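Next comes run_12.cif, with mmCIF, C-alpha atoms.
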data_run
#
loop_
_atom_site.label_atom_id
_atom_site.label_comp_id
_atom_site.auth_asym_id
_atom_site.auth_seq_id
_atom_site.Cartn_x
_atom_site.Cartn_y
_atom_site.Cartn_z
CA MET J 1440 23.54 33.15 -21.58
CA ALA J 1441 20.09 32.09 -22.77
CA GLN J 1442 21.09 28.44 -22.51
CA THR J 1443 22.29 28.96 -18.93
CA ILE J 1444 18.98 30.58 -17.96
CA ALA J 1445 17.06 27.78 -19.64
CA LYS J 1446 19.07 25.16 -17.75
CA LYS J 1447 18.36 26.91 -14.45
CA GLN J 1448 14.65 27.05 -15.27
CA ASN J 1449 14.63 23.36 -16.15
CA ALA J 1450 16.46 22.51 -12.93
CA GLY J 1451 13.91 24.49 -10.97
CA SER J 1452 11.00 22.81 -12.75
CA GLU J 1453 12.48 19.38 -11.97
CA LYS J 1454 12.82 20.06 -8.24
CA ILE J 1455 11.16 17.36 -6.14
CA TRP J 1456 11.27 18.91 -2.68
CA SER J 1457 8.72 21.67 -2.15
CA ARG J 1458 6.53 22.83 0.74
CA ASP J 1459 3.51 20.95 -0.60
CA PHE J 1460 5.51 17.77 -1.25
CA VAL J 1461 6.78 17.82 2.34
CA LEU J 1462 3.21 18.29 3.61
CA ILE J 1463 1.87 15.34 1.61
CA LEU J 1464 4.78 13.23 2.88
CA MET J 1465 4.02 14.15 6.50
CA SER J 1466 0.30 13.60 6.05
CA ASN J 1467 0.97 10.24 4.40
CA PHE J 1468 3.28 9.28 7.28
CA PHE J 1469 0.68 9.95 9.98
CA ILE J 1470 -2.20 8.19 8.25
CA PHE J 1471 0.00 5.18 7.50
CA LEU J 1472 1.30 5.13 11.07
CA GLY J 1473 -2.25 4.99 12.38
CA PHE J 1474 -3.11 2.28 9.87
CA GLN J 1475 0.02 0.18 10.45
CA MET J 1476 -0.57 0.20 14.21
CA THR J 1477 -3.90 -1.54 13.59
CA LEU J 1478 -2.50 -4.02 11.06
CA PRO J 1479 -1.12 -6.66 13.50
CA THR J 1480 -3.49 -5.75 16.34
CA ILE J 1481 -6.83 -6.19 14.53
CA PRO J 1482 -6.31 -10.01 14.37
CA LEU J 1483 -5.61 -9.99 18.12
CA PHE J 1484 -8.75 -7.91 18.70
CA VAL J 1485 -10.78 -10.38 16.62
CA GLU J 1486 -9.41 -13.22 18.77
CA LYS J 1487 -10.43 -11.32 21.91
CA LEU J 1488 -13.96 -11.00 20.52
CA GLY J 1489 -14.07 -14.77 19.97
CA GLY J 1490 -13.10 -15.01 16.29
CA ASN J 1491 -11.07 -17.83 14.67
CA ASP J 1492 -8.62 -17.89 11.73
CA GLN J 1493 -11.42 -17.81 9.16
CA LEU J 1494 -13.06 -14.78 10.78
CA ILE J 1495 -9.70 -13.02 11.03
CA GLY J 1496 -9.26 -13.45 7.30
CA ILE J 1497 -12.75 -12.13 6.61
CA VAL J 1498 -12.39 -9.07 8.89
CA VAL J 1499 -9.00 -8.22 7.33
CA GLY J 1500 -10.16 -8.95 3.80
CA ILE J 1501 -13.46 -7.04 3.87
CA PHE J 1502 -11.54 -3.85 4.61
CA THR J 1503 -9.56 -4.14 1.39
CA PHE J 1504 -12.61 -5.10 -0.67
CA SER J 1505 -14.56 -2.06 0.51
CA ALA J 1506 -11.56 0.12 -0.39
CA LEU J 1507 -11.45 -1.64 -3.77
CA LEU J 1508 -15.09 -0.80 -4.52
CA LEU J 1509 -14.53 2.88 -3.77
CA ARG J 1510 -11.31 3.42 -5.74
CA PRO J 1511 -12.86 3.80 -9.23
CA TYR J 1512 -15.26 6.42 -7.86
CA ALA J 1513 -12.36 8.10 -6.09
CA GLY J 1514 -10.48 8.18 -9.38
CA HIS J 1515 -13.37 9.93 -11.11
CA MET J 1516 -13.90 12.36 -8.25
CA LEU J 1517 -10.23 13.33 -8.26
CA GLU J 1518 -10.70 14.61 -11.81
CA THR J 1519 -14.13 16.21 -11.21
CA LYS J 1520 -14.46 17.23 -7.55
CA GLY J 1521 -10.73 17.80 -7.09
CA ARG J 1522 -7.89 16.36 -5.03
CA ARG J 1523 -8.67 18.33 -1.86
CA PHE J 1524 -12.27 17.14 -1.51
CA VAL J 1525 -11.44 13.45 -2.03
CA TYR J 1526 -8.38 13.41 0.23
CA LEU J 1527 -9.90 15.29 3.18
CA THR J 1528 -13.13 13.26 2.97
CA GLY J 1529 -11.19 10.00 3.01
CA LEU J 1530 -9.09 11.06 5.98
CA ALA J 1531 -12.17 12.15 7.94
CA ILE J 1532 -13.92 8.80 7.35
CA PHE J 1533 -10.77 6.94 8.38
CA VAL J 1534 -10.48 8.92 11.64
CA LEU J 1535 -14.11 8.36 12.64
CA SER J 1536 -14.12 4.64 11.84
CA VAL J 1537 -10.83 3.74 13.54
CA GLY J 1538 -11.73 5.82 16.58
CA SER J 1539 -14.93 3.78 16.90
CA PHE J 1540 -13.21 0.36 16.90
CA GLY J 1541 -12.61 0.27 20.63
CA PHE J 1542 -16.29 0.92 21.41
CA VAL J 1543 -17.58 -2.26 19.74
CA ASN J 1544 -18.02 -5.53 21.57
CA SER J 1545 -19.16 -7.82 18.76
CA LEU J 1546 -17.67 -9.06 15.50
CA ILE J 1547 -20.69 -7.86 13.51
CA PHE J 1548 -20.15 -4.21 14.45
CA LEU J 1549 -16.40 -4.53 13.88
CA PHE J 1550 -17.16 -6.00 10.46
CA VAL J 1551 -19.32 -2.97 9.58
CA LEU J 1552 -16.73 -0.48 10.83
CA ARG J 1553 -14.01 -2.21 8.80
CA ILE J 1554 -16.14 -1.64 5.69
CA VAL J 1555 -16.45 2.05 6.57
CA GLN J 1556 -12.70 2.24 7.25
CA GLY J 1557 -12.08 0.74 3.83
CA PHE J 1558 -14.12 3.54 2.25
CA GLY J 1559 -11.91 6.14 3.93
CA TRP J 1560 -8.74 4.27 3.05
CA GLY J 1561 -9.80 3.88 -0.58
CA PHE J 1562 -10.44 7.61 -0.95
CA SER J 1563 -7.38 8.83 0.95
CA THR J 1564 -4.71 6.55 -0.53
CA THR J 1565 -5.96 6.97 -4.10
CA ALA J 1566 -5.90 10.73 -3.62
CA SER J 1567 -2.51 10.91 -1.88
CA GLY J 1568 -0.74 9.01 -4.66
CA THR J 1569 -2.31 11.28 -7.26
CA ILE J 1570 -1.42 14.42 -5.29
CA ALA J 1571 2.19 13.25 -5.02
CA THR J 1572 2.23 12.53 -8.77
CA ASP J 1573 1.01 16.10 -9.46
CA LEU J 1574 3.86 17.54 -7.39
CA ILE J 1575 6.71 15.42 -8.80
CA PRO J 1576 8.42 16.40 -12.10
CA ALA J 1577 7.76 13.79 -14.81
CA LYS J 1578 11.46 13.09 -15.43
CA ARG J 1579 11.99 12.27 -11.74
CA ARG J 1580 8.72 10.45 -11.10
CA GLY J 1581 10.29 7.12 -10.18
CA GLU J 1582 12.64 8.80 -7.70
CA GLY J 1583 9.90 11.04 -6.33
CA MET J 1584 7.44 8.20 -5.85
CA GLY J 1585 10.21 6.34 -4.07
CA TYR J 1586 10.51 9.21 -1.58
CA PHE J 1587 6.73 9.40 -1.28
CA GLY J 1588 6.55 5.68 -0.57
CA LEU J 1589 9.31 6.10 1.97
CA SER J 1590 6.98 8.19 4.13
CA GLY J 1591 4.68 5.19 4.42
CA ASN J 1592 7.63 2.87 4.93
CA ILE J 1593 8.94 4.88 7.89
CA ALA J 1594 5.49 4.49 9.42
CA LEU J 1595 5.73 0.78 8.70
CA ALA J 1596 9.05 0.67 10.55
CA PHE J 1597 7.39 1.81 13.76
CA GLY J 1598 3.65 1.20 13.35
CA PRO J 1599 3.30 -2.59 13.79
CA THR J 1600 5.95 -2.69 16.52
CA LEU J 1601 4.37 0.25 18.36
CA GLY J 1602 0.89 -1.21 17.95
CA LEU J 1603 1.90 -4.61 19.33
CA ALA J 1604 3.82 -3.00 22.20
CA LEU J 1605 0.89 -0.77 23.18
CA ALA J 1606 -1.59 -3.65 22.88
CA GLY J 1607 0.32 -5.37 25.66
CA VAL J 1608 0.06 -2.48 28.12
CA ILE J 1609 -3.09 -0.49 27.28
CA SER J 1610 -6.64 -1.33 26.26
CA PHE J 1611 -7.67 -1.79 22.64
CA LYS J 1612 -10.02 1.16 23.09
CA LEU J 1613 -7.18 3.53 23.94
CA LEU J 1614 -4.97 2.04 21.22
CA PHE J 1615 -7.55 2.71 18.50
CA LEU J 1616 -8.15 6.25 19.80
CA ILE J 1617 -4.41 6.93 19.45
CA CYS J 1618 -4.56 5.63 15.88
CA ALA J 1619 -7.50 7.96 15.18
CA LEU J 1620 -5.54 10.94 16.55
CA LEU J 1621 -2.71 10.16 14.16
CA GLY J 1622 -5.24 10.24 11.32
CA LEU J 1623 -6.47 13.58 12.63
CA ALA J 1624 -2.90 14.93 12.44
CA ALA J 1625 -2.81 13.86 8.79
CA LEU J 1626 -6.10 15.69 8.21
CA VAL J 1627 -4.78 18.93 9.71
CA LEU J 1628 -1.54 18.79 7.68
CA SER J 1629 -3.34 17.99 4.44
CA SER J 1630 -5.62 21.01 4.86
CA ARG J 1631 -2.51 23.22 4.31
CA ILE J 1632 -1.61 21.79 0.88
CA ASN J 1633 -2.06 23.82 -2.31
CA TYR J 1634 -3.87 21.28 -4.48
CA LYS J 1635 -3.95 21.04 -8.24
CA GLN J 1636 -7.31 22.10 -9.62
CA ALA J 1637 -9.44 19.48 -11.35
CA GLU J 1638 -9.17 19.77 -15.12
CA LYS J 1639 -12.28 20.19 -17.23
CA GLN J 1640 -13.15 16.96 -19.01
CA SER J 1641 -13.11 17.35 -22.78
CA VAL J 1642 -14.84 13.97 -23.14
CA PRO J 1643 -17.84 13.03 -20.97
CA LEU J 1644 -17.08 10.34 -18.40
CA LYS J 1645 -18.47 6.91 -19.24
CA ARG J 1646 -20.82 5.39 -16.71
CA TRP J 1647 -18.84 2.15 -16.36
CA ASP J 1648 -15.40 3.71 -16.63
CA ILE J 1649 -13.86 1.93 -13.64
CA TYR J 1650 -10.21 1.49 -14.67
CA GLU J 1651 -7.38 3.04 -16.69
CA LYS J 1652 -6.32 0.70 -19.51
CA SER J 1653 -2.69 1.88 -19.58
CA ALA J 1654 -2.26 0.87 -15.92
CA LEU J 1655 -3.51 -2.71 -16.27
CA ARG J 1656 -0.23 -4.53 -16.93
CA PRO J 1657 1.71 -3.26 -13.89
CA SER J 1658 -1.46 -3.56 -11.79
CA PHE J 1659 -1.90 -7.23 -12.65
CA LEU J 1660 1.72 -7.85 -11.69
CA LEU J 1661 1.14 -6.04 -8.40
CA PHE J 1662 -1.92 -8.17 -7.63
CA PHE J 1663 0.04 -11.42 -7.51
CA ILE J 1664 2.73 -9.74 -5.39
CA THR J 1665 0.38 -8.21 -2.81
CA VAL J 1666 -1.37 -11.54 -2.25
CA THR J 1667 1.69 -12.28 -0.10
CA PHE J 1668 1.01 -9.22 2.05
CA GLY J 1669 -2.35 -10.58 3.14
CA GLY J 1670 -0.68 -13.69 4.54
CA ILE J 1671 1.99 -11.79 6.43
CA ALA J 1672 -0.15 -9.02 7.88
CA SER J 1673 -2.95 -11.31 9.01
CA PHE J 1674 -1.27 -14.48 10.21
CA LEU J 1675 2.47 -14.10 10.81
CA PRO J 1676 2.08 -12.92 14.45
CA ILE J 1677 -0.13 -15.94 15.22
CA TYR J 1678 2.03 -18.34 13.16
CA SER J 1679 5.26 -17.32 14.90
CA ALA J 1680 3.61 -17.59 18.34
CA GLN J 1681 2.35 -21.07 17.50
CA LYS J 1682 5.91 -22.15 16.65
CA GLY J 1683 7.25 -20.60 19.84
CA ILE J 1684 9.27 -17.98 17.96
CA GLY J 1685 9.46 -14.60 19.66
CA GLY J 1686 10.42 -11.18 18.37
CA ILE J 1687 7.65 -10.68 15.81
CA HIS J 1688 7.92 -6.91 16.39
CA TRP J 1689 11.55 -7.11 15.23
CA TYR J 1690 10.35 -8.76 12.02
CA PHE J 1691 8.23 -5.73 11.14
CA LEU J 1692 11.03 -3.33 12.08
CA GLN J 1693 13.64 -5.09 9.93
CA PHE J 1694 11.18 -5.44 7.08
CA ALA J 1695 10.51 -1.70 7.16
CA ILE J 1696 14.20 -0.76 7.37
CA ALA J 1697 14.97 -2.95 4.35
CA LEU J 1698 11.97 -1.38 2.59
CA MET J 1699 13.33 2.12 3.25
CA ILE J 1700 16.81 1.19 2.03
CA SER J 1701 15.44 -0.16 -1.24
CA ARG J 1702 13.34 2.99 -1.75
CA THR J 1703 16.49 5.13 -1.74
CA PHE J 1704 17.84 3.55 -4.92
CA ALA J 1705 15.06 1.56 -6.65
CA GLY J 1706 13.13 4.62 -7.88
CA ARG J 1707 16.23 6.24 -9.30
CA LEU J 1708 17.18 2.95 -10.97
CA TYR J 1709 13.71 2.83 -12.52
CA ASP J 1710 14.12 6.38 -13.91
CA GLN J 1711 17.49 5.50 -15.43
CA ARG J 1712 16.94 1.96 -16.70
CA GLY J 1713 13.24 1.22 -16.53
CA HIS J 1714 11.24 -1.49 -14.78
CA GLN J 1715 13.39 -4.20 -16.38
CA ALA J 1716 16.17 -3.40 -13.93
CA VAL J 1717 13.91 -3.44 -10.88
CA PHE J 1718 11.03 -5.90 -11.12
CA LEU J 1719 12.65 -9.31 -11.55
CA PRO J 1720 15.36 -8.89 -8.85
CA GLY J 1721 12.73 -7.58 -6.42
CA ALA J 1722 10.25 -10.37 -7.20
CA VAL J 1723 12.93 -13.06 -6.71
CA LEU J 1724 13.71 -11.64 -3.25
CA ILE J 1725 10.02 -11.78 -2.33
CA LEU J 1726 9.85 -15.38 -3.58
CA ALA J 1727 12.82 -16.32 -1.39
CA ALA J 1728 11.17 -14.65 1.62
CA MET J 1729 8.00 -16.72 1.17
CA PHE J 1730 9.97 -19.97 1.11
CA LEU J 1731 11.83 -18.96 4.27
CA LEU J 1732 8.57 -18.15 6.08
CA ALA J 1733 7.08 -21.48 5.04
CA TRP J 1734 10.13 -23.15 6.61
CA LEU J 1735 10.54 -20.82 9.65
CA PRO J 1736 12.71 -22.90 12.03
CA ASN J 1737 13.80 -19.95 14.21
CA SER J 1738 13.75 -16.18 14.64
CA MET J 1739 16.95 -15.66 12.61
CA ILE J 1740 15.32 -17.12 9.48
CA MET J 1741 12.27 -14.93 10.15
CA TYR J 1742 14.50 -11.83 10.23
CA ILE J 1743 16.30 -12.82 7.02
CA ALA J 1744 12.89 -13.26 5.39
CA ALA J 1745 11.94 -9.79 6.63
CA ILE J 1746 15.01 -8.25 4.97
CA PHE J 1747 14.43 -10.11 1.68
CA TYR J 1748 10.76 -9.16 1.65
CA GLY J 1749 11.48 -5.53 2.47
CA LEU J 1750 14.15 -5.14 -0.21
CA GLY J 1751 11.97 -6.88 -2.77
CA PHE J 1752 8.67 -5.16 -2.05
CA GLY J 1753 10.35 -1.77 -1.64
CA SER J 1754 11.82 -2.13 -5.13
CA VAL J 1755 8.81 -3.54 -6.94
CA GLN J 1756 5.93 -1.44 -5.61
CA PRO J 1757 7.13 2.12 -6.48
CA ALA J 1758 8.42 0.96 -9.87
CA LEU J 1759 5.05 -0.56 -10.75
CA GLN J 1760 3.23 2.55 -9.53
CA ALA J 1761 5.44 4.85 -11.62
CA TRP J 1762 4.89 2.54 -14.60
CA SER J 1763 1.11 2.71 -14.05
CA VAL J 1764 1.06 6.52 -14.18
CA LYS J 1765 3.72 6.93 -16.88
CA GLU J 1766 1.55 6.03 -19.87
CA ALA J 1767 -1.70 7.52 -18.57
CA PRO J 1768 -2.99 10.85 -19.99
CA ALA J 1769 -2.61 13.81 -17.63
CA ASN J 1770 -6.35 13.92 -16.94
CA ARG J 1771 -6.37 10.16 -16.16
CA ARG J 1772 -3.67 10.01 -13.49
CA GLY J 1773 -6.29 9.78 -10.77
CA MET J 1774 -7.91 6.80 -12.47
CA ALA J 1775 -4.48 5.22 -13.11
CA ASN J 1776 -3.70 5.43 -9.39
CA ALA J 1777 -7.18 4.10 -8.60
CA THR J 1778 -6.57 1.12 -10.89
CA PHE J 1779 -3.17 0.46 -9.35
CA PHE J 1780 -4.40 0.54 -5.75
CA SER J 1781 -7.53 -1.43 -6.64
CA PHE J 1782 -5.34 -4.34 -7.66
CA PHE J 1783 -3.23 -3.76 -4.53
CA ASP J 1784 -6.37 -4.04 -2.39
CA LEU J 1785 -7.66 -7.00 -4.35
CA GLY J 1786 -4.43 -8.90 -3.78
CA VAL J 1787 -4.33 -8.20 -0.05
CA GLY J 1788 -8.04 -8.94 0.39
CA ILE J 1789 -8.05 -12.20 -1.55
CA GLY J 1790 -4.83 -13.23 0.16
CA ALA J 1791 -6.25 -12.64 3.64
CA MET J 1792 -9.50 -14.47 2.95
CA VAL J 1793 -8.02 -17.42 1.05
CA PHE J 1794 -5.16 -17.80 3.51
CA GLY J 1795 -7.65 -17.87 6.38
CA GLN J 1796 -9.21 -20.96 4.81
CA ILE J 1797 -5.79 -22.48 4.03
CA ALA J 1798 -4.62 -21.94 7.62
CA HIS J 1799 -7.80 -23.58 8.94
CA LEU J 1800 -7.44 -26.64 6.67
CA PHE J 1801 -3.71 -27.13 6.19
CA GLY J 1802 -1.86 -25.00 8.74
CA TYR J 1803 0.03 -21.72 8.61
CA SER J 1804 3.07 -22.99 6.73
CA SER J 1805 0.88 -23.73 3.69
CA ILE J 1806 -0.01 -20.03 3.50
CA TYR J 1807 3.51 -19.06 2.51
CA MET J 1808 3.99 -21.89 0.04
CA THR J 1809 0.81 -20.72 -1.69
CA ALA J 1810 2.09 -17.13 -1.57
CA ALA J 1811 5.34 -18.25 -3.20
CA GLY J 1812 3.28 -19.73 -6.04
CA SER J 1813 1.52 -16.38 -6.50
CA VAL J 1814 4.86 -14.57 -6.78
CA GLY J 1815 5.97 -17.16 -9.33
CA ILE J 1816 2.89 -16.36 -11.43
CA SER J 1817 3.79 -12.65 -11.33
CA ILE J 1818 7.32 -13.41 -12.54
CA LEU J 1819 6.06 -15.56 -15.41
CA LEU J 1820 3.48 -12.93 -16.36
CA TYR J 1821 6.16 -10.24 -16.42
CA ILE J 1822 8.37 -12.34 -18.69
CA TRP J 1823 5.39 -12.89 -20.98
CA ILE J 1824 4.72 -9.11 -21.09
CA LEU J 1825 8.35 -8.51 -22.09
CA ILE J 1826 8.15 -11.14 -24.83
CA ILE J 1827 4.92 -9.63 -26.22
CA LYS J 1828 6.41 -6.12 -26.09
CA ARG J 1829 9.55 -7.16 -27.96
CA GLY J 1830 7.57 -9.25 -30.41
#
What would you get if you wrote out this structure as structure tokens?
Amino acid sequence: MAQTIAKKQNAGSEKIWSRDFVLILMSNFFIFLGFQMTLPTIPLFVEKLGGNDQLIGIVVGIFTFSALLLRPYAGHMLETKGRRFVYLTGLAIFVLSVGSFGFVNSLIFLFVLRIVQGFGWGFSTTASGTIATDLIPAKRRGEGMGYFGLSGNIALAFGPTLGLALAGVISFKLLFLICALLGLAALVLSSRINYKQAEKQSVPLKRWDIYEKSALRPSFLLFFITVTFGGIASFLPIYSAQKGIGGIHWYFLQFAIALMISRTFAGRLYDQRGHQAVFLPGAVLILAAMFLLAWLPNSMIMYIAAIFYGLGFGSVQPALQAWSVKEAPANRRGMANATFFSFFDLGVGIGAMVFGQIAHLFGYSSIYMTAAGSVGISILLYIWILIIKRG
């Protein structure tokens, strides 16, 4: 009898789906939808303001670098000021900055607003991942983070396509106001969450404590993977148009659908068999996608690349995030998430800026060959980590 009661209690404690988990999923969906709608349209807006490939890379990249600078502070504040303060502050900054995009008429002001947007994004995404981690039972963390990531992936399925479609029929000003309203919806939903209280620090925080050591290995692997994202998000719409290939909105849709499919099983596979069963297959699919995009003879190859990239990225990213948090102390989960997303931002930012120069000098195809090399480095680094671990 006692064993039966204990089993029921354990089952209840390992439940993923709760009111607060649903709220963080919905909030994450709306903020990501607003963000993803701007992802392929910001380069078009920069072109309208007179910018070239190099300036597109800088405007895209500076956003991720400003988010990168804020993440360590966000990690500390999650453990001192609390989850609620950091998350709501980040969402509010995001709403105000994105809503202001359509009112600028020069690249300088857009550049400044992208920095401010990066601050909001750095706070909100670091906090949301930590909040989700708090709500998910430890034994089902890989599966739970897969579901959490799925909320962003559903937004990705519709965001870029919706953004590109709206950009063709309404003004950029109205488009960015819609994106800001979606962020406002996330803010309202997140205000209803019961947040975990910040734990008292038994050890004083170090002044230059800007990363969590236990999260470094998966974060380094993520860096070389997310370099590819900077090339796709910033230049694929322009690259495909240059080659006379239509249907770029279908690329983003198929990528997101493949991403969602992989999320349904990759997290559970990670929980059962570890990152060894997830990382290498996912990375190889991403590598294949980069080679296909470098080739890109027609829309069919572009769609196949989208499916490969979605399956690969959807498998690798949640597994690496779960790995980052797994070995971190309970009072360092915020910093572990900050470290993880800092490397995510660094990869996207460096990718966007470097690929802007590569596109200017060597053409768009060279972007994806370079990205394939970055994925290859991640694969080799992972193999080296396994060898060191076994040795």
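Distances here use all atoms listed in the file; by that measure, the residue among J:Leu1462, J:Ala1654, J:Ala1624, J:Ile1743 closest to Tyr1690 in chain J is J:Ile1743.
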Exactly which residues make up the result of the PyMOL selection byres ((chain J and resi 1702) around 9) on this file, given as a short mmCIF file (atom, residue, chain, number, x, y, z; two decimals) with C-alpha atoms, keeping the file's coordinate frame?
data_model
loop_
_atom_site.label_atom_id
_atom_site.label_comp_id
_atom_site.auth_asym_id
_atom_site.auth_seq_id
_atom_site.Cartn_x
_atom_site.Cartn_y
_atom_site.Cartn_z
CA GLU J 1582 12.64 8.80 -7.70
CA MET J 1584 7.44 8.20 -5.85
CA GLY J 1585 10.21 6.34 -4.07
CA TYR J 1586 10.51 9.21 -1.58
CA GLY J 1588 6.55 5.68 -0.57
CA LEU J 1589 9.31 6.10 1.97
CA ASN J 1592 7.63 2.87 4.93
CA ALA J 1697 14.97 -2.95 4.35
CA LEU J 1698 11.97 -1.38 2.59
CA MET J 1699 13.33 2.12 3.25
CA ILE J 1700 16.81 1.19 2.03
CA SER J 1701 15.44 -0.16 -1.24
CA THR J 1703 16.49 5.13 -1.74
CA PHE J 1704 17.84 3.55 -4.92
CA ALA J 1705 15.06 1.56 -6.65
CA GLY J 1706 13.13 4.62 -7.88
CA ARG J 1707 16.23 6.24 -9.30
CA LEU J 1750 14.15 -5.14 -0.21
CA GLY J 1753 10.35 -1.77 -1.64
CA SER J 1754 11.82 -2.13 -5.13
CA PRO J 1757 7.13 2.12 -6.48
#
Rounded to one decimal in Å, what is the spacing between CA of Phe1558 in chain J and CA of Gly1529 in chain J?
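Distance reported for this atom pair: 7.1 Å.
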Output the residue selection produced by the PyMOL selection byres ((chain J and resi 1765-1774) around 8) on the file above, formatted as a PDB file with C-alpha atoms, in the coordinates of the input.
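Dumped to part-v9.pdb:
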ATOM      1  CA  PRO J1511     -12.860   3.800  -9.230  1.00  0.00           C
ATOM      2  CA  ALA J1513     -12.360   8.100  -6.090  1.00  0.00           C
ATOM      3  CA  GLY J1514     -10.480   8.180  -9.380  1.00  0.00           C
ATOM      4  CA  HIS J1515     -13.370   9.930 -11.110  1.00  0.00           C
ATOM      5  CA  LEU J1517     -10.230  13.330  -8.260  1.00  0.00           C
ATOM      6  CA  GLU J1518     -10.700  14.610 -11.810  1.00  0.00           C
ATOM      7  CA  THR J1565      -5.960   6.970  -4.100  1.00  0.00           C
ATOM      8  CA  ALA J1566      -5.900  10.730  -3.620  1.00  0.00           C
ATOM      9  CA  THR J1569      -2.310  11.280  -7.260  1.00  0.00           C
ATOM     10  CA  THR J1572       2.230  12.530  -8.770  1.00  0.00           C
ATOM     11  CA  GLU J1638      -9.170  19.770 -15.120  1.00  0.00           C
ATOM     12  CA  GLN J1640     -13.150  16.960 -19.010  1.00  0.00           C
ATOM     13  CA  ILE J1649     -13.860   1.930 -13.640  1.00  0.00           C
ATOM     14  CA  TYR J1650     -10.210   1.490 -14.670  1.00  0.00           C
ATOM     15  CA  GLU J1651      -7.380   3.040 -16.690  1.00  0.00           C
ATOM     16  CA  SER J1653      -2.690   1.880 -19.580  1.00  0.00           C
ATOM     17  CA  ALA J1654      -2.260   0.870 -15.920  1.00  0.00           C
ATOM     18  CA  ALA J1761       5.440   4.850 -11.620  1.00  0.00           C
ATOM     19  CA  TRP J1762       4.890   2.540 -14.600  1.00  0.00           C
ATOM     20  CA  SER J1763       1.110   2.710 -14.050  1.00  0.00           C
ATOM     21  CA  VAL J1764       1.060   6.520 -14.180  1.00  0.00           C
ATOM     22  CA  ALA J1775      -4.480   5.220 -13.110  1.00  0.00           C
ATOM     23  CA  ASN J1776      -3.700   5.430  -9.390  1.00  0.00           C
ATOM     24  CA  ALA J1777      -7.180   4.100  -8.600  1.00  0.00           C
ATOM     25  CA  THR J1778      -6.570   1.120 -10.890  1.00  0.00           C
TER      26      THR J1778
END
Between CA of Cys1618 in chain J and CA of Phe1474 in chain J, what is the distance, to one decimal in Å?
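That distance, rounded to one decimal, is 7.0 Å.
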Residue IDs satisfying the PyMOL selection byres ((chain J and resi 1578) around 12), as a VMD selection string:
chain J and resid 1449 to 1450 1452 to 1455 1572 1574 to 1577 1579 to 1584 1706 to 1707 1709 to 1711 1761 1765
Mind pulling up the distance from CA of Leu1509 in chain J to CA of Gly1557 in chain J?
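Taking CA of Gly1557 in chain J as the start and CA of Leu1509 in chain J as the end point, the length is 8.3 Å.
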Can you work out which one of J:Gly1500, J:Val1793, J:Pro1599, J:Met1465 has the shortest atom-to-atom distance to Val1627 in chain J, counting all atoms listed in the file?
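Using all atoms listed in the file, the shortest distance to Val1627 in chain J belongs to J:Met1465.
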Can you pull out every residue within 8 Å of range 1801-1806 of chain J, counting all atoms listed in the file, but drop anything in the same chain fewer than 4 positions away, and send it as an NGL selection string?
:J and (1670 or 1674 or 1678 or 1732-1734 or 1794 or 1797 or 1810)
Show me, as JSON, numbers by chain, the residues that have an atom within 6 Å of Phe1663 in chain J when counting only C-alpha atoms, minus same-chain residues fewer than 5 positions from it.
{"J": [1813, 1814, 1817]}
Mind running range 1586-1682 of chain J against range 1719-1726 of chain J at 10 Å and telling me each contacting residue's nearest atom pair with the distance in Å (one decimal), counting only C-alpha atoms, chain and number ascending, as CSV?
residue,atom,partner,partner_atom,distance
J:Leu1660,CA,J:Ala1722,CA,10.0
J:Ile1664,CA,J:Ala1722,CA,7.8
J:Thr1667,CA,J:Ile1725,CA,8.6
Output of the above residues as an mmCIF file, keeping the file's coordinate frame, restricted to C-alpha atoms:
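Output below, filename again09.cif:
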data_model
loop_
_atom_site.group_PDB
_atom_site.id
_atom_site.type_symbol
_atom_site.label_atom_id
_atom_site.label_comp_id
_atom_site.auth_asym_id
_atom_site.auth_seq_id
_atom_site.Cartn_x
_atom_site.Cartn_y
_atom_site.Cartn_z
ATOM 1 C CA LEU J 1660 1.720 -7.850 -11.690
ATOM 2 C CA ILE J 1664 2.730 -9.740 -5.390
ATOM 3 C CA THR J 1667 1.690 -12.280 -0.100
#
All residues 10 Å or closer to Ser1679 in chain J, all atoms listed in the file, same chain fewer than 3 positions away omitted, as a PyMOL selection string:
chain J and resi 1674-1676+1682-1687+1732+1735-1738+1741+1803
Test item: residues at most 7 Å from Phe1502 in chain J, only C-alpha atoms, excluding those fewer than 4 positions along its chain, as a CSV table (one decimal) with C-alpha atoms, in the frame of the given file:
chain,number,residue,atom,x,y,z
J,1498,VAL,CA,-12.4,-9.1,8.9
J,1506,ALA,CA,-11.6,0.1,-0.4
J,1553,ARG,CA,-14.0,-2.2,8.8
J,1554,ILE,CA,-16.1,-1.6,5.7
J,1556,GLN,CA,-12.7,2.2,7.2
J,1557,GLY,CA,-12.1,0.7,3.8
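Among J:Thr1665, J:Gln1693, J:Thr1600, J:Ser1673, the residue with the shortest atom-to-atom distance to Val1499 in chain J, counting all atoms listed in the file, is J:Ser1673.
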Which residues are close to Ile1570 in chain J, i.e. within 8 Å by all atoms listed in the file, leaving aside same-chain residues fewer than 2 positions away? Reply as a ChimeraX atom specification.
/J:1463,1522,1566-1568,1572-1574,1634-1635
Store the residues picked out above in a file with C-alpha atoms, as a CSV table (one decimal), in the coordinates of the input.
chain,number,residue,atom,x,y,z
J,1463,ILE,CA,1.9,15.3,1.6
J,1522,ARG,CA,-7.9,16.4,-5.0
J,1566,ALA,CA,-5.9,10.7,-3.6
J,1567,SER,CA,-2.5,10.9,-1.9
J,1568,GLY,CA,-0.7,9.0,-4.7
J,1572,THR,CA,2.2,12.5,-8.8
J,1573,ASP,CA,1.0,16.1,-9.5
J,1574,LEU,CA,3.9,17.5,-7.4
J,1634,TYR,CA,-3.9,21.3,-4.5
J,1635,LYS,CA,-4.0,21.0,-8.2
